[in-house]
file my_file_14.txt (compact mmCIF, C-alpha atoms)
# COMPACT_ATOMS: atom_id res chain seq x y z
CA GLU A 1 136.36 47.65 -3.66
CA GLU A 2 133.01 48.41 -5.25
CA GLN A 3 133.14 51.34 -7.62
CA LEU A 4 130.91 53.10 -10.14
CA VAL A 5 132.19 55.65 -12.64
CA GLU A 6 129.98 57.82 -14.82
CA SER A 7 131.08 59.29 -18.14
CA GLY A 8 129.63 61.03 -21.15
CA GLY A 9 128.50 64.31 -19.63
CA GLY A 10 129.11 67.68 -21.20
CA LEU A 11 127.52 70.66 -22.91
CA VAL A 12 124.67 69.90 -25.30
CA GLN A 13 122.15 72.06 -27.11
CA PRO A 14 118.44 71.88 -26.33
CA GLY A 15 116.66 69.26 -28.41
CA ARG A 16 119.79 67.14 -28.88
CA SER A 17 120.62 63.74 -27.41
CA LEU A 18 123.30 62.48 -25.05
CA ARG A 19 124.20 59.06 -23.71
CA LEU A 20 125.75 58.61 -20.28
CA SER A 21 127.65 55.50 -19.24
CA CYS A 22 128.09 53.96 -15.81
CA THR A 23 130.93 51.47 -15.45
CA GLY A 24 131.03 49.20 -12.42
CA SER A 25 133.93 47.35 -10.86
CA GLY A 26 134.71 45.38 -7.73
CA PHE A 27 131.41 43.47 -7.77
CA THR A 28 129.40 41.21 -10.09
CA PHE A 29 127.66 43.92 -12.10
CA GLY A 30 125.00 41.62 -13.51
CA ASP A 31 123.76 40.69 -10.03
CA TYR A 32 122.57 44.21 -9.22
CA ALA A 33 119.93 46.62 -10.42
CA ILE A 34 121.35 50.02 -11.36
CA SER A 35 119.63 53.35 -10.87
CA TRP A 36 120.22 56.89 -12.11
CA VAL A 37 119.70 59.92 -9.88
CA ARG A 38 120.20 63.57 -10.80
CA GLN A 39 120.70 66.84 -8.98
CA ALA A 40 119.94 70.11 -10.74
CA PRO A 41 121.89 73.20 -9.61
CA GLY A 42 120.66 74.31 -6.19
CA LYS A 43 118.09 71.51 -6.03
CA GLY A 44 117.74 68.18 -4.26
CA LEU A 45 118.21 64.63 -5.44
CA GLU A 46 115.74 63.44 -8.06
CA TRP A 47 115.30 59.77 -8.91
CA VAL A 48 115.48 59.25 -12.69
CA GLY A 49 114.94 55.52 -13.11
CA PHE A 50 116.45 52.06 -12.75
CA ILE A 51 117.05 48.84 -14.64
CA ARG A 52 116.49 45.42 -13.14
CA ILE A 53 118.86 42.50 -13.45
CA LYS A 54 118.43 40.05 -16.35
CA THR A 55 116.93 37.47 -14.00
CA TYR A 56 113.99 39.84 -13.61
CA GLY A 57 113.84 40.62 -17.30
CA GLY A 58 116.19 43.60 -17.33
CA THR A 59 113.11 45.82 -17.37
CA THR A 60 113.13 49.45 -16.39
CA GLU A 61 111.15 51.91 -14.30
CA LYS A 62 111.40 55.66 -14.82
CA ALA A 63 110.14 58.83 -13.26
CA ALA A 64 106.83 59.73 -14.87
CA SER A 65 108.07 63.18 -15.89
CA LEU A 66 110.87 61.62 -17.97
CA LYS A 67 109.08 58.79 -19.71
CA GLY A 68 109.40 58.89 -23.46
CA ARG A 69 112.63 60.90 -23.46
CA PHE A 70 115.02 58.88 -21.27
CA THR A 71 115.93 55.22 -21.77
CA ILE A 72 118.02 53.00 -19.50
CA SER A 73 119.87 49.92 -20.74
CA ARG A 74 122.72 47.68 -19.63
CA ASP A 75 125.50 45.51 -21.04
CA ASP A 76 126.55 43.13 -18.29
CA SER A 77 129.37 41.70 -20.43
CA LYS A 78 131.03 45.12 -20.15
CA SER A 79 129.71 45.99 -16.66
CA ILE A 80 128.13 49.15 -18.06
CA ALA A 81 124.72 50.75 -17.70
CA TYR A 82 123.55 53.52 -19.99
CA LEU A 83 121.22 56.48 -19.74
CA GLN A 84 120.08 57.63 -23.18
CA MET A 85 118.64 61.14 -23.00
CA ASN A 86 116.72 62.47 -26.00
CA ARG A 87 115.08 65.82 -26.75
CA LEU A 88 117.03 67.44 -23.96
CA LYS A 89 115.68 70.52 -22.24
CA THR A 90 117.45 73.23 -20.27
CA GLU A 91 115.81 71.87 -17.12
CA ASP A 92 117.68 68.58 -17.63
CA THR A 93 120.88 70.41 -16.63
CA ALA A 94 122.17 68.49 -13.61
CA VAL A 95 124.82 66.26 -12.16
CA TYR A 96 123.82 62.70 -13.02
CA TYR A 97 124.76 59.90 -10.64
CA CYS A 98 124.53 56.17 -11.16
CA THR A 99 123.99 53.98 -8.13
CA ARG A 100 123.93 50.33 -7.29
CA ILE A 101 120.73 49.08 -5.73
CA GLY A 102 121.76 46.82 -2.89
CA ARG A 103 119.53 44.15 -1.40
CA TYR A 104 119.56 43.86 2.36
CA TYR A 105 117.85 41.26 4.49
CA TYR A 106 116.56 42.20 7.92
CA ASP A 107 113.95 40.56 10.11
CA ASN A 108 112.91 38.10 7.37
CA ASP A 109 112.28 40.88 4.89
CA GLU A 110 114.13 42.24 1.87
CA TYR A 111 115.07 45.90 1.56
CA TYR A 112 116.52 47.91 -1.31
CA SER A 113 118.78 50.92 -1.00
CA PHE A 114 121.29 52.82 -3.09
CA ASP A 115 124.44 51.54 -1.44
CA TYR A 116 127.17 52.63 -3.86
CA TRP A 117 127.27 55.81 -5.93
CA GLY A 118 129.50 57.19 -8.64
CA GLN A 119 130.98 60.67 -8.38
CA GLY A 120 128.57 62.02 -10.95
CA THR A 121 128.86 63.56 -14.40
CA LEU A 122 127.65 67.07 -15.25
CA VAL A 123 125.23 67.56 -18.11
CA THR A 124 124.64 71.14 -19.21
CA VAL A 125 121.85 71.80 -21.68
CA SER A 126 122.28 75.23 -23.18
CA SER A 127 122.37 76.97 -26.52
CA ASP B 1 103.30 58.34 -6.75
CA ILE B 2 104.43 58.40 -3.13
CA GLN B 3 105.52 61.87 -2.00
CA MET B 4 108.16 62.34 0.69
CA THR B 5 108.22 65.54 2.74
CA GLN B 6 111.11 66.47 5.02
CA SER B 7 111.24 69.06 7.78
CA PRO B 8 112.87 71.35 8.42
CA SER B 9 114.38 72.37 5.07
CA SER B 10 117.43 73.72 6.88
CA LEU B 11 118.78 73.47 10.37
CA SER B 12 121.60 75.14 12.27
CA ALA B 13 123.01 73.50 15.38
CA SER B 14 126.14 73.49 17.53
CA VAL B 15 128.74 70.79 17.91
CA GLY B 16 127.53 68.34 20.54
CA ASP B 17 123.83 69.08 20.01
CA ARG B 18 121.26 66.38 19.38
CA VAL B 19 119.63 66.94 16.00
CA THR B 20 116.46 65.39 14.57
CA ILE B 21 115.21 65.53 10.99
CA SER B 22 111.68 64.43 10.13
CA CYS B 23 110.36 62.71 7.02
CA ARG B 24 106.72 62.03 6.18
CA ALA B 25 105.38 59.78 3.43
CA SER B 26 102.12 60.52 1.62
CA GLN B 27 100.96 56.94 2.28
CA SER B 28 102.06 54.12 4.52
CA ILE B 29 105.40 52.64 3.45
CA GLY B 30 106.02 50.28 6.37
CA ASP B 31 109.69 50.55 7.19
CA TYR B 32 110.89 50.84 3.58
CA LEU B 33 112.77 54.04 4.26
CA ASN B 34 116.39 54.98 3.58
CA TRP B 35 118.46 57.95 4.74
CA TYR B 36 121.39 59.45 2.84
CA GLN B 37 124.05 62.04 3.63
CA HIS B 38 125.25 64.29 0.81
CA LYS B 39 128.27 66.49 1.29
CA PRO B 40 129.14 69.20 -1.28
CA GLY B 41 131.19 67.84 -4.17
CA LYS B 42 130.89 64.24 -2.98
CA ALA B 43 128.69 61.30 -3.86
CA PRO B 44 125.72 60.74 -1.57
CA LYS B 45 126.26 58.11 1.13
CA LEU B 46 123.78 55.58 2.48
CA LEU B 47 123.37 55.98 6.24
CA ILE B 48 120.32 53.94 7.19
CA TYR B 49 118.03 51.41 5.51
CA ALA B 50 114.89 49.68 6.71
CA ALA B 51 114.12 52.88 8.65
CA SER B 52 116.46 52.08 11.53
CA THR B 53 119.29 49.79 10.41
CA LEU B 54 122.68 51.47 10.32
CA GLN B 55 124.71 50.82 7.18
CA SER B 56 128.11 49.25 7.86
CA GLY B 57 130.73 51.82 8.82
CA VAL B 58 128.29 54.59 9.74
CA PRO B 59 128.99 56.14 13.17
CA SER B 60 126.65 55.06 15.95
CA ARG B 61 125.67 58.68 16.70
CA PHE B 62 123.31 58.34 13.72
CA SER B 63 120.00 56.59 14.30
CA GLY B 64 116.70 56.20 12.49
CA SER B 65 113.19 55.56 13.74
CA GLY B 66 109.60 55.38 12.59
CA SER B 67 107.26 53.29 10.48
CA GLY B 68 104.15 53.79 8.41
CA THR B 69 104.21 57.45 7.37
CA ASP B 70 106.40 59.21 9.95
CA PHE B 71 110.14 58.79 10.26
CA ALA B 72 113.09 60.53 11.87
CA LEU B 73 116.85 60.69 11.54
CA SER B 74 118.71 61.67 14.70
CA ILE B 75 122.30 62.60 15.35
CA SER B 76 123.01 62.19 19.05
CA SER B 77 126.05 64.48 19.29
CA LEU B 78 126.64 66.66 16.26
CA GLN B 79 130.19 66.68 14.86
CA PRO B 80 131.75 69.21 12.45
CA GLU B 81 131.99 66.57 9.73
CA ASP B 82 128.20 66.10 9.81
CA LEU B 83 127.79 69.29 7.75
CA ALA B 84 125.74 68.00 4.82
CA THR B 85 122.31 67.75 3.28
CA TYR B 86 120.28 64.75 4.41
CA TYR B 87 117.66 62.99 2.30
CA CYS B 88 115.06 60.39 3.07
CA GLN B 89 113.94 57.99 0.33
CA GLN B 90 111.13 55.48 0.12
CA SER B 91 111.83 52.02 -1.27
CA TYR B 92 108.26 50.75 -0.85
CA SER B 93 107.37 51.32 -4.49
CA ASN B 94 109.45 51.09 -7.65
CA THR B 95 109.70 54.86 -7.95
CA TYR B 96 112.23 55.40 -5.12
CA THR B 97 111.15 58.95 -4.32
CA PHE B 98 113.46 61.25 -2.33
CA GLY B 99 112.47 63.93 0.12
CA GLN B 100 113.47 67.47 -0.76
CA GLY B 101 116.43 67.41 1.62
CA THR B 102 117.42 69.02 4.93
CA LYS B 103 120.53 71.18 4.90
CA LEU B 104 122.38 70.90 8.19
CA GLU B 105 124.69 73.74 9.14
CA ILE B 106 127.05 73.93 12.07
CA LYS B 107 126.83 77.07 14.22

call {"tool": "encode", "arguments": {"input": "my_file_14.txt", "output": "structure tokens"}}
result
Amino acid sequence: EEQLVESGGGLVQPGRSLRLSCTGSGFTFGDYAISWVRQAPGKGLEWVGFIRIKTYGGTTEKAASLKGRFTISRDDSKSIAYLQMNRLKTEDTAVYYCTRIGRYYYDNDEYYSFDYWGQGTLVTVSS
Amino acid sequence: DIQMTQSPSSLSASVGDRVTISCRASQSIGDYLNWYQHKPGKAPKLLIYAASTLQSGVPSRFSGSGSGTDFALSISSLQPEDLATYYCQQSYSNTYTFGQGTKLEIK
């Protein structure tokens, strides 16, 4: 059974750093891109960024508002993806989810969707 | 960036009602549109991809339609367990933008 588990959340002071981990199981981790999504209290889902598979260079894309502070990486030997968050702000307080980006083929075309999600880890940025 | 706008923001309906949620993209995205269901305290769940293709295991009362800029998620006969917030998401570009969500309440 495919599973993703986030860890590393907690209380952190503004300006500090935190690294979240996303551990996958039940599937070949290295064959899938991994994305991070967050939900601030009382708000909707916000896409944070994703990392491609090594075949496509393992490169990343991130939301424009987060560039320069957040970094995504992966270690396929451990089936883990990371979200490094620097210079944290109070508005970064949220539940952070990692998701698998599944590839689906329909009508001779390829589609991407977030087909498996972790349960989320809460990050609270407060002094 | 592609913006996704959902309407309404919230919706109250009775068990057995047909419910429709709309989603509009700021530019044409073909049929690169996903729908998710998010229940409180749970992980979001993929319902539909490619605008109208039901994910495996999703009840057939859910359906999706649309292409280009205008899309819809319909529930043919609302059930109590459908209480959730529903999100559309574009997968046309690499920025995977979500709509702001539609909170569905059961009367």

call {"tool": "closest_atom_pairs", "arguments": {"input": "my_file_14.txt", "of": "chain B", "to": "chain A", "cutoff": "7 Å", "atoms": "all atoms listed in the file", "output": "CSV"}}
result
residue,atom,partner,partner_atom,distance
B:Tyr32,CA,A:Tyr111,CA,6.8
B:Asn34,CA,A:Ser113,CA,6.6
B:Lys42,CA,A:Gln119,CA,6.5
B:Ala43,CA,A:Gln119,CA,5.1
B:Pro44,CA,A:Trp117,CA,6.8
B:Leu46,CA,A:Asp115,CA,5.7
B:Tyr49,CA,A:Ser113,CA,6.6
B:Ala50,CA,A:Tyr111,CA,6.4
B:Ser91,CA,A:Tyr112,CA,6.2
B:Asn94,CA,A:Glu61,CA,6.9
B:Thr95,CA,A:Ala63,CA,6.6
B:Tyr96,CA,A:Trp47,CA,6.5
B:Thr97,CA,A:Trp47,CA,6.2
B:Phe98,CA,A:Glu46,CA,6.5
B:Gln100,CA,A:Gly44,CA,5.6
B:Gly101,CA,A:Gly44,CA,6.1

call {"tool": "closest_residue", "arguments": {"input": "my_file_14.txt", "among": "B:Lys103, B:Trp35, B:Gln27, B:Phe71", "to": "B:Leu83", "atoms": "all atoms listed in the file"}}
result
B:Lys103

call {"tool": "residues_around", "arguments": {"input": "my_file_14.txt", "residues": "A:Leu20", "least_positions_apart": "4", "cutoff": "7 Å", "atoms": "all atoms listed in the file", "output": "PyMOL selection string"}}
result
chain A and resi 6-9+82-84

call {"tool": "residues_around", "arguments": {"input": "my_file_14.txt", "residues": "B:Ser26", "least_positions_apart": "3", "cutoff": "8 Å", "atoms": "only C-alpha atoms", "output": "NGL selection string"}}
result
:B and (2-5 or 69)

call {"tool": "write_last_selection", "arguments": {"input": "my_file_14.txt", "atoms": "C-alpha atoms", "output": "JSON list (two decimals), in the frame of the given file"}}
result
[["chain", "number", "residue", "atom", "x", "y", "z"],
["B", 2, "ILE", "CA", 104.43, 58.40, -3.13],
["B", 3, "GLN", "CA", 105.52, 61.87, -2.00],
["B", 4, "MET", "CA", 108.16, 62.34, 0.69],
["B", 5, "THR", "CA", 108.22, 65.54, 2.74],
["B", 69, "THR", "CA", 104.21, 57.45, 7.37]]

call {"tool": "atom_distance", "arguments": {"input": "my_file_14.txt", "atom1": "atom CA of B:Ser76", "atom2": "atom CA of A:Ile101"}}
result
28.1 Å

call {"tool": "closest_residue", "arguments": {"input": "my_file_14.txt", "among": "A:Ser126, A:Gly102, A:Gln39, A:Thr55", "to": "A:Glu2", "atoms": "only C-alpha atoms"}}
result
A:Gly102

call {"tool": "residues_around", "arguments": {"input": "my_file_14.txt", "residues": "B:Ser52", "least_positions_apart": "6", "cutoff": "7 Å", "atoms": "only C-alpha atoms", "output": "ChimeraX atom specification"}}
result
/B:63-65

call {"tool": "closest_residue", "arguments": {"input": "my_file_14.txt", "among": "B:Leu54, B:Ile29, B:Val15, B:Ile48", "to": "B:Asp82", "atoms": "only C-alpha atoms"}}
result
B:Val15

call {"tool": "atom_distance", "arguments": {"input": "my_file_14.txt", "atom1": "atom CA of B:Tyr86", "atom2": "atom CA of A:Gly24"}}
result
25.3 Å

call {"tool": "closest_residue", "arguments": {"input": "my_file_14.txt", "among": "A:Ile53, A:Val12, A:Ala40, A:Val125", "to": "A:Ala81", "atoms": "only C-alpha atoms"}}
result
A:Ile53

call {"tool": "residues_near_point", "arguments": {"input": "my_file_14.txt", "point": "(105.9, 60.6, 9.5)", "cutoff": "12 Å", "atoms": "all atoms listed in the file", "output": "MDAnalysis selection string"}}
result
chainID B and resid 3:7 21:31 33 51 65:73 88 90 99

call {"tool": "closest_residue", "arguments": {"input": "my_file_14.txt", "among": "A:Thr121, A:Asn108, A:Asn86, A:Thr93", "to": "A:Leu18", "atoms": "all atoms listed in the file"}}
result
A:Asn86

call {"tool": "closest_residue", "arguments": {"input": "my_file_14.txt", "among": "B:Ser74, B:Gln55, B:Thr85, B:Thr20", "to": "B:Lys39", "atoms": "all atoms listed in the file"}}
result
B:Thr85

call {"tool": "atom_distance", "arguments": {"input": "my_file_14.txt", "atom1": "atom CA of B:Arg61", "atom2": "atom CA of B:Tyr92"}}
result
26.0 Å

call {"tool": "residues_around", "arguments": {"input": "my_file_14.txt", "residues": "B:Ser12", "least_positions_apart": "2", "cutoff": "7 Å", "atoms": "all atoms listed in the file", "output": "PyMOL selection string"}}
result
chain B and resi 10+104-107

call {"tool": "write_last_selection", "arguments": {"input": "my_file_14.txt", "atoms": "C-alpha atoms", "output": "compact mmCIF listing (two decimals), in the frame of the given file"}}
result
# COMPACT_ATOMS: atom_id res chain seq x y z
CA SER B 10 117.43 73.72 6.88
CA LEU B 104 122.38 70.90 8.19
CA GLU B 105 124.69 73.74 9.14
CA ILE B 106 127.05 73.93 12.07
CA LYS B 107 126.83 77.07 14.22

call {"tool": "residues_around", "arguments": {"input": "my_file_14.txt", "residues": "A:Ile51", "least_positions_apart": "5", "cutoff": "8 Å", "atoms": "all atoms listed in the file", "output": "number ranges by chain"}}
result
A: 33-35, 58-61, 72-74

call {"tool": "axis_aligned_box", "arguments": {"input": "my_file_14.txt", "around": "stretch 70-83 of chain A", "padding_each_side": "5 Å", "output": "lines of an AutoDock Vina configuration file"}}
result
center_x = 123.0
center_y = 50.3
center_z = -19.2
size_x = 26.0
size_y = 27.2
size_z = 15.1
